[in-house]
Structure formats: C-alpha cells, structure tokens
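This report concerns only the one structure given below.
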Amino acid sequence: MSIQPTVCNGIETRTNRSGQARTFIAGTRVRVLDIYAMAELQGQTPDQIVDARPHLSLAQVHAALAYYFSNRDEIVRQFREEGELAETFRRLTGPGPLAAKLTGRVSPSDLVSILTSRQMGGS
C-alpha cells in the first residue's frame, strides 16, 4: 500500500521503504534533514547551501529551515536514527577500504616522506 505524499509550505512528507515519514523539499530529493545538517552542523548559511545545491532556491532552503525550527525534536531524532543505522552497518561490514588505509598501514613519518617526495617530483 502506497501513501500519497503530502505537501505543505514547500515541504513534502513521504514514507521511506521502512514506512517512516521523512520530509523533503517539495519536488526534490533533498531532505529537510540534509539542510539541517548543512546549516546547523556544518555552519553553512542559506546562501552557501544554495551555492552547494544550485537547483534549490533560497526560498526553498528557508522553508526547510523553518520546518526544522518548528519540528526540531523530530529532525534531530531522524538524524540520530540514521547515525545508529550507519553504525550498525559499520559493525556488520567492518572498516571500508579508506578506513583500513588510515588505520596504521602507513605511519605518520612514512606519510611525511611520501608527501615530501611527491612534492619534489618523486613518485
């Protein structure tokens, strides 16, 4: 059974595969949660967010922020849920290739040598 998305003030509520309601900027795939993270966690201004996502208007970003400020507890809860889900997957699958490279395979002194040789034209 599919639930029709609802739109109010430029914000659309849709259900994900798990049946959880998630809010998006209407007509886009940008979640209110993404705008919250860019603004509150990364410290970006609405203008910087529009620069990073030029398909959005400043009005759409402000609508997403207004929704966040009116529903702060819900958005923060969703953010925590997604973090917990990501952590569960990390525990199940182990470190990815980048994490494996960064955890001890190259010592800091070796890294300095590598970077220095590259800057001087070495390989």
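Following the order of the structure tokens, first chain is A, next is B, and so on, with residues numbered from 1 inside each chain and ligands from 1 in the order they appear.
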Can you tell me, as a PDB file with C-alpha atoms, in the first residue's frame, what residues are no more than 9 Å from A:His62 when counting only C-alpha atoms, ignoring any on the same chain fewer than 5 positions away?
```
ATOM      1  CA  PRO A  46      21.406  29.621   3.439  1.00  0.00           C
ATOM      2  CA  SER A  57      16.174  28.405  -4.401  1.00  0.00           C
ATOM      3  CA  TYR A  67      10.275  23.405   9.068  1.00  0.00           C
TER       4      TYR A  67
END
```
### Task
Give the alpha helix (DSSP H) residues of stretch 23-116 of chain A, as assigned by DSSP on the backbone, as a ChimeraX atom specification.
/A:32-36,46-52,58-70,72-93,97-102,108-116
#### Entry: Counting only C-alpha atoms, the residue of A:Val32, A:Gln44, A:Leu56, A:Arg90 that sits nearest A:Arg72
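Nearest to A:Arg72: A:Val32.
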I'd like the contact shell of A:Ile35 - 8 Å cut-off, only C-alpha atoms, skipping same-chain residues fewer than 5 positions apart - returned as a CSV table (one decimal) with N, CA and C atoms, in the first residue's frame.
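Output file result_13.csv follows:
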```csv
chain,number,residue,atom,x,y,z
A,30,VAL,N,15.9,16.3,-1.9
A,30,VAL,CA,16.7,16.9,-0.8
A,30,VAL,C,15.9,16.9,0.5
A,49,ILE,N,24.4,27.2,1.2
A,49,ILE,CA,23.7,25.9,0.9
A,49,ILE,C,23.2,26.0,-0.6
A,61,VAL,N,15.3,26.7,0.7
A,61,VAL,CA,16.2,26.5,1.8
A,61,VAL,C,15.6,27.1,3.1
A,64,ALA,N,12.8,24.9,4.3
A,64,ALA,CA,13.3,23.7,5.0
A,64,ALA,C,13.8,24.1,6.4
A,65,LEU,N,14.5,25.2,6.5
A,65,LEU,CA,15.0,25.6,7.9
A,65,LEU,C,13.8,26.0,8.8
```
### Query
atom CA of A:Gln60 to atom CA of A:Ala26: how many Å, to one decimal?
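For atom CA of A:Gln60 relative to atom CA of A:Ala26, the distance reads 8.5 Å.
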